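Engineer: Have a peek at model33.pdb (PDB, C-alpha atoms).
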```
ATOM      1  CA  MET A 106       0.000   0.000   0.000  1.00  0.00           C
ATOM      2  CA  ASN A 107       1.171   3.523  -0.761  1.00  0.00           C
ATOM      3  CA  LYS A 108       3.301   4.947   2.056  1.00  0.00           C
ATOM      4  CA  ILE A 109       1.313   8.195   2.151  1.00  0.00           C
ATOM      5  CA  LEU A 110      -1.951   6.329   2.655  1.00  0.00           C
ATOM      6  CA  LYS A 111      -0.494   4.041   5.331  1.00  0.00           C
ATOM      7  CA  ILE A 112       0.833   6.956   7.363  1.00  0.00           C
ATOM      8  CA  THR A 113      -2.248   9.079   7.011  1.00  0.00           C
ATOM      9  CA  LEU A 114      -4.755   6.350   7.761  1.00  0.00           C
ATOM     10  CA  VAL A 115      -3.320   6.110  11.263  1.00  0.00           C
ATOM     11  CA  THR A 116      -3.063   9.847  11.847  1.00  0.00           C
ATOM     12  CA  LEU A 117      -6.143  12.019  12.248  1.00  0.00           C
ATOM     13  CA  LEU A 118      -5.582  15.198  10.330  1.00  0.00           C
ATOM     14  CA  SER A 119      -7.442  17.826   8.415  1.00  0.00           C
ATOM     15  CA  VAL A 120      -6.722  21.014   6.558  1.00  0.00           C
ATOM     16  CA  THR A 121     -10.324  22.179   6.423  1.00  0.00           C
ATOM     17  CA  PHE A 122     -11.204  25.463   8.065  1.00  0.00           C
ATOM     18  CA  PHE A 123     -14.419  23.969   9.447  1.00  0.00           C
ATOM     19  CA  ALA A 124     -14.726  21.019  11.795  1.00  0.00           C
ATOM     20  CA  CYS A 125     -16.045  18.325   9.503  1.00  0.00           C
ATOM     21  CA  SER A 126     -17.099  15.838  12.159  1.00  0.00           C
ATOM     22  CA  ASN A 127     -16.227  14.803  15.685  1.00  0.00           C
ATOM     23  CA  ASP A 128     -16.556  11.118  14.821  1.00  0.00           C
ATOM     24  CA  GLU A 129     -13.498   8.930  14.482  1.00  0.00           C
ATOM     25  CA  SER A 130     -13.342   5.657  12.601  1.00  0.00           C
ATOM     26  CA  GLN A 131     -11.070   2.922  11.345  1.00  0.00           C
ATOM     27  CA  ILE A 132     -10.853   2.346   7.600  1.00  0.00           C
ATOM     28  CA  THR A 133      -9.354  -0.992   6.614  1.00  0.00           C
ATOM     29  CA  ASP A 134      -6.112  -0.904   4.653  1.00  0.00           C
ATOM     30  CA  GLU A 135      -7.612  -3.089   1.896  1.00  0.00           C
ATOM     31  CA  ASN A 136     -10.426  -0.668   1.083  1.00  0.00           C
ATOM     32  CA  SER A 137      -8.878   2.682   1.955  1.00  0.00           C
ATOM     33  CA  ASN A 138      -6.825   3.246  -1.197  1.00  0.00           C
ATOM     34  CA  VAL A 139      -9.784   2.532  -3.483  1.00  0.00           C
ATOM     35  CA  GLU A 140     -12.201   4.507  -1.297  1.00  0.00           C
ATOM     36  CA  VAL A 141      -9.974   7.584  -1.183  1.00  0.00           C
ATOM     37  CA  SER A 142      -9.384   7.507  -4.950  1.00  0.00           C
ATOM     38  CA  LYS A 143     -13.147   7.278  -5.579  1.00  0.00           C
ATOM     39  CA  LEU A 144     -13.855  10.175  -3.214  1.00  0.00           C
ATOM     40  CA  ILE A 145     -11.187  12.316  -4.850  1.00  0.00           C
ATOM     41  CA  GLU A 146     -12.663  11.539  -8.271  1.00  0.00           C
ATOM     42  CA  ASN A 147     -16.316  12.027  -7.292  1.00  0.00           C
ATOM     43  CA  LYS A 148     -15.960  15.069  -5.049  1.00  0.00           C
ATOM     44  CA  LEU A 149     -12.902  16.901  -6.340  1.00  0.00           C
ATOM     45  CA  GLY A 150     -12.956  15.909  -9.995  1.00  0.00           C
ATOM     46  CA  TYR A 151      -9.425  14.470 -10.085  1.00  0.00           C
ATOM     47  CA  LEU A 152      -8.620  10.981 -11.344  1.00  0.00           C
ATOM     48  CA  GLU A 153      -5.441   9.230 -10.216  1.00  0.00           C
ATOM     49  CA  VAL A 154      -3.056   8.883 -13.148  1.00  0.00           C
ATOM     50  CA  LYS A 155      -1.770   5.364 -13.786  1.00  0.00           C
ATOM     51  CA  ASP A 156      -0.611   5.814 -17.381  1.00  0.00           C
ATOM     52  CA  GLU A 157       3.192   5.595 -17.406  1.00  0.00           C
ATOM     53  CA  GLU A 158       3.521   7.888 -20.430  1.00  0.00           C
ATOM     54  CA  GLN A 159       1.592  10.691 -18.720  1.00  0.00           C
ATOM     55  CA  ILE A 160       3.556  10.160 -15.519  1.00  0.00           C
ATOM     56  CA  LYS A 161       6.819  10.336 -17.473  1.00  0.00           C
ATOM     57  CA  ILE A 162       5.817  13.741 -18.916  1.00  0.00           C
ATOM     58  CA  ILE A 163       4.964  15.106 -15.465  1.00  0.00           C
ATOM     59  CA  LYS A 164       8.133  13.666 -13.909  1.00  0.00           C
ATOM     60  CA  SER A 165      10.289  15.468 -16.453  1.00  0.00           C
ATOM     61  CA  LYS A 166       9.478  18.851 -14.873  1.00  0.00           C
ATOM     62  CA  SER A 167       8.338  18.131 -11.316  1.00  0.00           C
ATOM     63  CA  LYS A 168      10.104  17.124  -8.124  1.00  0.00           C
ATOM     64  CA  ASN A 169      10.002  13.372  -7.915  1.00  0.00           C
ATOM     65  CA  TYR A 170      10.159  10.996  -5.009  1.00  0.00           C
ATOM     66  CA  SER A 171       9.442   7.294  -4.705  1.00  0.00           C
ATOM     67  CA  ASN A 172       6.007   7.914  -3.188  1.00  0.00           C
ATOM     68  CA  SER A 173       4.629  10.469  -5.671  1.00  0.00           C
ATOM     69  CA  LEU A 174       0.909  10.551  -6.481  1.00  0.00           C
ATOM     70  CA  TYR A 175      -0.382  11.932  -9.796  1.00  0.00           C
ATOM     71  CA  TYR A 176      -3.887  13.234 -10.542  1.00  0.00           C
ATOM     72  CA  LYS A 177      -5.568  14.656 -13.642  1.00  0.00           C
ATOM     73  CA  SER A 178      -8.572  16.966 -13.671  1.00  0.00           C
ATOM     74  CA  LEU A 179     -11.708  15.513 -15.260  1.00  0.00           C
ATOM     75  CA  GLU A 180     -12.656  19.000 -16.491  1.00  0.00           C
ATOM     76  CA  ASP A 181      -9.532  20.323 -18.164  1.00  0.00           C
ATOM     77  CA  ASN A 182      -5.904  19.510 -18.916  1.00  0.00           C
ATOM     78  CA  SER A 183      -4.589  20.286 -15.436  1.00  0.00           C
ATOM     79  CA  PHE A 184      -2.504  17.817 -13.473  1.00  0.00           C
ATOM     80  CA  VAL A 185      -1.206  17.715  -9.927  1.00  0.00           C
ATOM     81  CA  VAL A 186       1.661  15.793  -8.393  1.00  0.00           C
ATOM     82  CA  ILE A 187       1.834  15.221  -4.636  1.00  0.00           C
ATOM     83  CA  ASN A 188       5.057  14.236  -2.887  1.00  0.00           C
ATOM     84  CA  SER A 189       5.756  13.647   0.776  1.00  0.00           C
ATOM     85  CA  ILE A 190       8.909  13.721   2.852  1.00  0.00           C
ATOM     86  CA  ASP A 191       8.530  12.970   6.542  1.00  0.00           C
ATOM     87  CA  ASN A 192       5.733  15.263   7.772  1.00  0.00           C
ATOM     88  CA  LYS A 193       5.647  17.547   4.723  1.00  0.00           C
ATOM     89  CA  TYR A 194       3.452  17.199   1.639  1.00  0.00           C
ATOM     90  CA  TYR A 195       4.173  19.110  -1.563  1.00  0.00           C
ATOM     91  CA  LEU A 196       1.717  19.774  -4.380  1.00  0.00           C
ATOM     92  CA  GLU A 197       2.605  21.077  -7.823  1.00  0.00           C
ATOM     93  CA  LYS A 198      -0.310  22.020 -10.072  1.00  0.00           C
ATOM     94  CA  GLY A 199       0.084  22.614 -13.780  1.00  0.00           C
ATOM     95  CA  ILE A 200      -0.951  21.743 -17.307  1.00  0.00           C
ATOM     96  CA  VAL A 201       0.479  19.569 -20.055  1.00  0.00           C
ATOM     97  CA  VAL A 202       1.084  21.400 -23.327  1.00  0.00           C
ATOM     98  CA  ASN A 203       2.920  19.789 -26.244  1.00  0.00           C
ATOM     99  CA  ASP A 204       4.061  16.933 -24.004  1.00  0.00           C
ATOM    100  CA  GLN A 205       5.534  19.380 -21.485  1.00  0.00           C
ATOM    101  CA  PHE A 206       4.339  19.740 -17.870  1.00  0.00           C
ATOM    102  CA  ILE A 207       4.141  23.452 -17.028  1.00  0.00           C
ATOM    103  CA  ILE A 208       3.999  24.055 -13.267  1.00  0.00           C
ATOM    104  CA  GLU A 209       1.700  26.945 -12.365  1.00  0.00           C
ATOM    105  CA  LYS A 210       1.071  26.670  -8.601  1.00  0.00           C
ATOM    106  CA  ASN A 211       2.839  25.230  -5.535  1.00  0.00           C
ATOM    107  CA  PHE A 212       1.638  24.285  -2.045  1.00  0.00           C
ATOM    108  CA  VAL A 213       3.223  22.822   1.083  1.00  0.00           C
ATOM    109  CA  LEU A 214       1.341  21.097   3.892  1.00  0.00           C
ATOM    110  CA  THR A 215       3.105  20.454   7.221  1.00  0.00           C
ATOM    111  CA  ASP A 216       1.560  17.754   9.409  1.00  0.00           C
ATOM    112  CA  ASN A 217       2.303  18.313  13.101  1.00  0.00           C
ATOM    113  CA  MET A 218      -0.479  15.977  14.264  1.00  0.00           C
ATOM    114  CA  ASP A 219      -0.081  12.998  16.584  1.00  0.00           C
ATOM    115  CA  ASP A 220      -1.878   9.651  16.320  1.00  0.00           C
ATOM    116  CA  ASN A 221      -4.702  10.888  18.567  1.00  0.00           C
ATOM    117  CA  GLY A 222      -5.661  13.816  16.355  1.00  0.00           C
ATOM    118  CA  ASN A 223      -3.920  16.437  18.481  1.00  0.00           C
ATOM    119  CA  GLY A 224      -1.685  19.094  17.026  1.00  0.00           C
ATOM    120  CA  GLU A 225      -1.386  21.545  14.205  1.00  0.00           C
ATOM    121  CA  LEU A 226      -1.648  21.538  10.434  1.00  0.00           C
ATOM    122  CA  ILE A 227      -0.057  24.254   8.358  1.00  0.00           C
ATOM    123  CA  VAL A 228      -0.804  24.806   4.697  1.00  0.00           C
ATOM    124  CA  LYS A 229       1.093  27.346   2.611  1.00  0.00           C
ATOM    125  CA  ASN A 230      -0.063  28.697  -0.715  1.00  0.00           C
ATOM    126  CA  ILE A 231       3.437  29.546  -1.946  1.00  0.00           C
ATOM    127  CA  ASP A 232       2.392  31.622  -4.948  1.00  0.00           C
ATOM    128  CA  GLU A 233       0.060  33.899  -2.986  1.00  0.00           C
ATOM    129  CA  ASN A 234       2.146  33.840   0.205  1.00  0.00           C
ATOM    130  CA  ILE A 235      -0.797  32.734   2.349  1.00  0.00           C
ATOM    131  CA  ILE A 236      -0.195  30.514   5.369  1.00  0.00           C
ATOM    132  CA  VAL A 237      -3.023  28.899   7.298  1.00  0.00           C
ATOM    133  CA  SER A 238      -2.326  27.197  10.601  1.00  0.00           C
ATOM    134  CA  GLN A 239      -5.020  25.009  12.180  1.00  0.00           C
ATOM    135  CA  THR A 240      -5.187  23.501  15.659  1.00  0.00           C
ATOM    136  CA  TYR A 241      -6.958  20.234  16.531  1.00  0.00           C
ATOM    137  CA  ASP A 242      -7.733  18.490  19.816  1.00  0.00           C
ATOM    138  CA  LYS A 243      -8.586  14.763  19.588  1.00  0.00           C
ATOM    139  CA  GLY A 244      -9.563  15.216  15.947  1.00  0.00           C
ATOM    140  CA  ASN A 245     -11.822  18.185  16.675  1.00  0.00           C
ATOM    141  CA  PHE A 246     -11.164  21.493  14.965  1.00  0.00           C
ATOM    142  CA  ILE A 247     -10.238  24.196  17.491  1.00  0.00           C
ATOM    143  CA  ASN A 248      -9.160  27.249  15.499  1.00  0.00           C
ATOM    144  CA  ASN A 249      -7.140  28.543  12.579  1.00  0.00           C
ATOM    145  CA  VAL A 250      -4.810  31.476  12.052  1.00  0.00           C
ATOM    146  CA  ILE A 251      -4.458  33.014   8.606  1.00  0.00           C
ATOM    147  CA  SER A 252      -1.425  35.082   7.705  1.00  0.00           C
ATOM    148  CA  ASP A 253      -3.007  36.803   4.715  1.00  0.00           C
ATOM    149  CA  THR A 254      -6.568  37.301   3.461  1.00  0.00           C
ATOM    150  CA  ASN A 255      -5.964  38.902   0.076  1.00  0.00           C
ATOM    151  CA  SER A 256      -9.009  39.153  -2.147  1.00  0.00           C
ATOM    152  CA  PHE A 257      -8.926  37.444  -5.497  1.00  0.00           C
ATOM    153  CA  SER A 258     -10.340  38.126  -8.934  1.00  0.00           C
ATOM    154  CA  ASN A 259     -11.450  34.825 -10.443  1.00  0.00           C
ATOM    155  CA  LYS A 260      -9.962  33.955 -13.813  1.00  0.00           C
ATOM    156  CA  GLY A 261     -10.044  30.736 -15.751  1.00  0.00           C
ATOM    157  CA  LEU A 262     -11.155  27.385 -14.363  1.00  0.00           C
ATOM    158  CA  CYS A 263     -11.123  27.673 -10.585  1.00  0.00           C
ATOM    159  CA  GLN A 264     -13.324  26.739  -7.643  1.00  0.00           C
ATOM    160  CA  ARG A 265     -13.219  30.267  -6.237  1.00  0.00           C
ATOM    161  CA  GLU A 266     -16.497  32.090  -6.589  1.00  0.00           C
ATOM    162  CA  GLY A 267     -16.700  35.804  -7.296  1.00  0.00           C
ATOM    163  CA  SER A 268     -14.299  37.688  -5.060  1.00  0.00           C
ATOM    164  CA  GLU A 269     -13.687  34.837  -2.600  1.00  0.00           C
ATOM    165  CA  THR A 270     -10.360  34.763  -0.822  1.00  0.00           C
ATOM    166  CA  PHE A 271      -8.249  31.630  -0.815  1.00  0.00           C
ATOM    167  CA  ASN A 272      -9.365  31.031   2.770  1.00  0.00           C
ATOM    168  CA  GLN A 273     -13.082  31.417   1.990  1.00  0.00           C
ATOM    169  CA  CYS A 274     -12.878  29.061  -0.975  1.00  0.00           C
ATOM    170  CA  PHE A 275     -10.920  26.505   1.043  1.00  0.00           C
ATOM    171  CA  ASN A 276     -13.491  26.688   3.853  1.00  0.00           C
ATOM    172  CA  ARG A 277     -16.393  26.109   1.507  1.00  0.00           C
ATOM    173  CA  GLU A 278     -14.793  23.342  -0.558  1.00  0.00           C
ATOM    174  CA  ALA A 279     -13.623  21.417   2.508  1.00  0.00           C
ATOM    175  CA  ASP A 280     -17.037  21.752   4.150  1.00  0.00           C
ATOM    176  CA  GLU A 281     -18.757  20.510   0.983  1.00  0.00           C
ATOM    177  CA  PHE A 282     -16.367  17.560   0.777  1.00  0.00           C
ATOM    178  CA  CYS A 283     -17.209  16.488   4.342  1.00  0.00           C
ATOM    179  CA  ASP A 284     -20.913  15.956   3.724  1.00  0.00           C
ATOM    180  CA  ASP A 285     -21.111  12.413   5.111  1.00  0.00           C
ATOM    181  CA  PHE A 286     -19.337  10.156   7.586  1.00  0.00           C
ATOM    182  CA  VAL A 287     -17.187   8.242   5.083  1.00  0.00           C
ATOM    183  CA  SER A 288     -16.018  11.433   3.370  1.00  0.00           C
ATOM    184  CA  THR A 289     -15.210  13.049   6.691  1.00  0.00           C
ATOM    185  CA  VAL A 290     -13.105  10.117   7.884  1.00  0.00           C
ATOM    186  CA  ALA A 291     -11.286   9.966   4.551  1.00  0.00           C
ATOM    187  CA  TYR A 292     -10.633  13.698   4.656  1.00  0.00           C
ATOM    188  CA  ILE A 293      -9.198  13.849   8.140  1.00  0.00           C
ATOM    189  CA  THR A 294      -6.918  10.887   7.501  1.00  0.00           C
ATOM    190  CA  ASN A 295      -5.547  11.699   4.037  1.00  0.00           C
ATOM    191  CA  PRO A 296      -3.522  14.880   3.477  1.00  0.00           C
ATOM    192  CA  GLN A 297      -3.611  14.469  -0.291  1.00  0.00           C
ATOM    193  CA  ILE A 298      -7.319  15.370  -0.201  1.00  0.00           C
ATOM    194  CA  ALA A 299      -6.687  18.546   1.765  1.00  0.00           C
ATOM    195  CA  ILE A 300      -3.842  19.690  -0.429  1.00  0.00           C
ATOM    196  CA  LEU A 301      -5.863  18.925  -3.563  1.00  0.00           C
ATOM    197  CA  ILE A 302      -8.598  21.199  -2.247  1.00  0.00           C
ATOM    198  CA  ALA A 303      -5.956  23.892  -1.768  1.00  0.00           C
ATOM    199  CA  GLY A 304      -4.996  23.413  -5.402  1.00  0.00           C
ATOM    200  CA  LEU A 305      -8.608  23.763  -6.514  1.00  0.00           C
ATOM    201  CA  CYS A 306      -8.869  27.130  -4.774  1.00  0.00           C
ATOM    202  CA  THR A 307      -6.106  28.792  -6.739  1.00  0.00           C
ATOM    203  CA  CYS A 308      -5.709  29.524 -10.441  1.00  0.00           C
TER     204      CYS A 308
END
```
For the file at hand, write its structure as structure tokens.
Structural biologist:
Amino acid sequence: MNKILKITLVTLLSVTFFACSNDESQITDENSNVEVSKLIENKLGYLEVKDEEQIKIIKSKSKNYSNSLYYKSLEDNSFVVINSIDNKYYLEKGIVVNDQFIIEKNFVLTDNMDDNGNGELIVKNIDENIIVSQTYDKGNFINNVISDTNSFSNKGLCQREGSETFNQCFNREADEFCDDFVSTVAYITNPQIAILIAGLCTC
């Protein structure tokens, strides 16, 4: 099983700005990978890339580690690659043009959570210089601190609505994702979902 999924299935974490649910659950290792991929596809519109040719194109321009995950948007030609090193997760979002992966946005998620859902999650939108730090107690959302709340003019394909800030979009998208028990458990145990939502809220 993918190292990212193994680590995150044991650790309760979330990068949503709303408390999705106070419930905790165990998801079996056999079903978790498939379940998470289906949720990401159905709720975020990204399909995990398995095609070696597409992966080769993305690898040529992105940072690559042995545990990289690749996703393609179902709506356009955008791709994301997610890498993890220790407690940090990196997302590069871009498009493929003429067999070249052009990186447009970058994010970093730092997981300072323990196995009991206590601690802090920090997500940084590198391109807009926005840092959001969230605190959790036993898996329950306590508060978040935002370093910047710049307004944004929507352009192109993006999940931001009107003049939403990055924070407002992230709040709404994460809250919409956590609309049932299974989605909530998957969200708080898989950082790739949270960082994908961050990617959806920037263009």
Engineer: Restricting the calculation to all atoms listed in the file: of A:Cys306, A:Lys198, A:Asp285, A:Gln297, which residue gets closest to A:Glu269?
Structural biologist: A:Cys306
Engineer: Between atom CA of A:Leu144 and atom CA of A:Lys168, what is the distance in Å, rounded to a tenth?
Structural biologist: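 That distance, rounded to one decimal, is 25.4 Å.
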Engineer: Which of these, A:Val250, A:Cys283, A:Leu214, A:Val141, has the shortest distance to A:Gly304 once you count all atoms listed in the file?
Structural biologist: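 So, comparing all the options, the nearest one is A:Leu214.
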Engineer: Kindly indicate which residue among A:Asp216, A:Glu146, A:Glu180, A:Glu197 lies nearest to A:Ser238, using all atoms listed in the file for the distances.
Structural biologist: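 Of A:Asp216, A:Glu146, A:Glu180, A:Glu197, the one nearest A:Ser238 is A:Asp216, counting all atoms listed in the file.
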Engineer: Translate the PyMOL selection byres ((chain A and resi 162) around 10), as applied to the file shown, into an explicit residue set as a PyMOL selection string.
Structural biologist: chain A and resi 157-161+163-167+201+203-206
Engineer: Could you please determine the separation between atom CA of A:Asp219 and atom CA of A:Ala291 in Å, to one decimal place?
Structural biologist: 16.7 Å
Engineer: Atom CA of A:Lys210 and atom CA of A:Ile231 are how many Å apart?
Structural biologist: 7.6 Å
Engineer: Given the file shown, determine the residues that the PyMOL selection byres ((chain A and resi 239) around 6) selects; report them as a list in words.
Structural biologist: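 Answer for the PyMOL selection byres ((chain A and resi 239) around 6): Glu225, Leu226, Ser238, Thr240, Asn248 and Asn249 of chain A.
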Engineer: Counting only C-alpha atoms, what is within 9 Å of A:Phe282, bar same-chain residues fewer than 2 positions away, as a list in words?
Structural biologist: Cys125, Leu144, Lys148, Leu149, Arg277, Glu278, Ala279, Asp280, Asp284, Asp285, Ser288, Thr289 and Tyr292 of chain A
Engineer: So that I can see what lies close to A:Val228, please list as a list in words the residues with an atom at most 8 Å from it, counting all atoms listed in the file and leaving out residues fewer than 6 positions away in the same chain.
Structural biologist: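 Near neighbours after the sequence-gap exclusion: Val120, Phe212, Val213, Leu214, Thr215, Ile236, Val237, Ser238 and Ile300 of chain A.
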Engineer: Out of A:Ile298, A:Leu305, A:Met218, A:Ile208, which residue has the shortest atom-to-atom distance to A:Leu174 when counting all atoms listed in the file?
Structural biologist: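 The answer is A:Ile298, which sits nearest to A:Leu174.
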Engineer: So, with all atoms listed in the file as the atoms that count, which of A:Leu301, A:Glu233, A:Pro296, A:Tyr176 lies closest to A:Tyr194?
Structural biologist: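 Checking each candidate against A:Tyr194, we get A:Pro296 as the closest.
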